[in-house]
Amino acid sequence: MATVEDIYRKHKPRAFKADRRPSRSEVWWWFFMRISGIILVFLVLIHLYVMHLVGEGVERVNFAFVAERWDNVGWKTFDWVLLVLALLHGSNGLRIIIDDYVRRDGVRTAIKGALYAVTTVLMIMGTAVIATFDPSLGS
Amino acid sequence: MIGAKLIEGLVFTLTVGAGLFALYVLIGLFRLRKDQKGPIYKGGVGQWTWAAHRITGVGILAFLFGHIVDTFAVGFGPELYNETVELYKQWWFAPGEVLLIGATIYHAFNGVRIILFDFWPAMALKQKTFAYVQIVLTVVAFVPVAVIMLGNAWEHSPFS
């Protein structure tokens, strides 16, 4: 089976002059983007449908609404999987964009370091709030 | 409450940042088209879908960052959380919400198109046709959603 690369080599030979090969981890991130992308299509569209289209949309979202939703361990799991996949998919995408646009080595390293730090903090914040949510705060 | 105001400020800052990024990418593309100096991209539907994929991706990620922080507020009880999500219920936020949904639908459909090319590479030879089909599908999915959401927002706005 011909790969995309074969086809592009045949039809767009100029794009391959540099002939660079990606690293092993880069191939895994490429694969992760496809797999998480397919799963996210379903998760995100369900999330948007439930939160923005059904009933009164975001008008009805408040503490009591979240407490009722997170009373169900299924929705808690759904939201956590959505958090992890969306945050990793988005941060990895932004990493690739930073690689494309920021040419100076030191600046690029600093910006990517900040991105990894922010991603880690947000991952911990999101996981913590789902895991430790206490509905009795509302009563 | 100061916490709610801080989260609101964060959401605004991220939105402005994503907007500036969109401008940066678009200006770069128009300059590339003018100078004809680009190595690969010289216009065409493939380039614009690529640029839109980047811009919508950064826009959605910017909102996701803010959205994780506003959801974190739910751990501090109803007073802080209810004031925080009040931002998303303002009538002037509705167009932004609709834009966000549109960006997500576009990014999802365009992403599926890219994945199809990756796993069935021969399709890439017909990439222009697929790009137009995908744009039509995005519009068909987005228009009814936008109508429903803007109708909802209109009913809750002070103008109706």
# chains A, B, ... in the order shown; residues from 1 in each chain; ligands from 1

call {"tool": "interface_residues", "arguments": {"of": "chain B", "to": "chain A", "cutoff": "9 Å", "atoms": "only C-alpha atoms", "output": "ChimeraX atom specification"}}
result
/B:39-40,54,57-58,60-61,64-65,68-69,71-79,81-83,85-86,88-89,97,101,104-105,108-109,111-112,114-115,117-122,124-125,145,148-149,152-153,156

call {"tool": "atom_distance", "arguments": {"atom1": "CA of Arg113 in chain B", "atom2": "CA of Ala146 in chain B"}}
result
22.7 Å

call {"tool": "select_by_dssp", "arguments": {"residues": "chain A", "states": "alpha helix (DSSP H)", "output": "number ranges by chain"}}
result
A: 4-11, 24-48, 63-69, 73-101, 105-131

call {"tool": "atom_distance", "arguments": {"atom1": "CA of Thr84 in chain B", "atom2": "CA of Val11 in chain B"}}
result
10.7 Å

call {"tool": "atom_distance", "arguments": {"atom1": "CA of Trp92 in chain B", "atom2": "CA of Glu8 in chain B"}}
result
13.8 Å
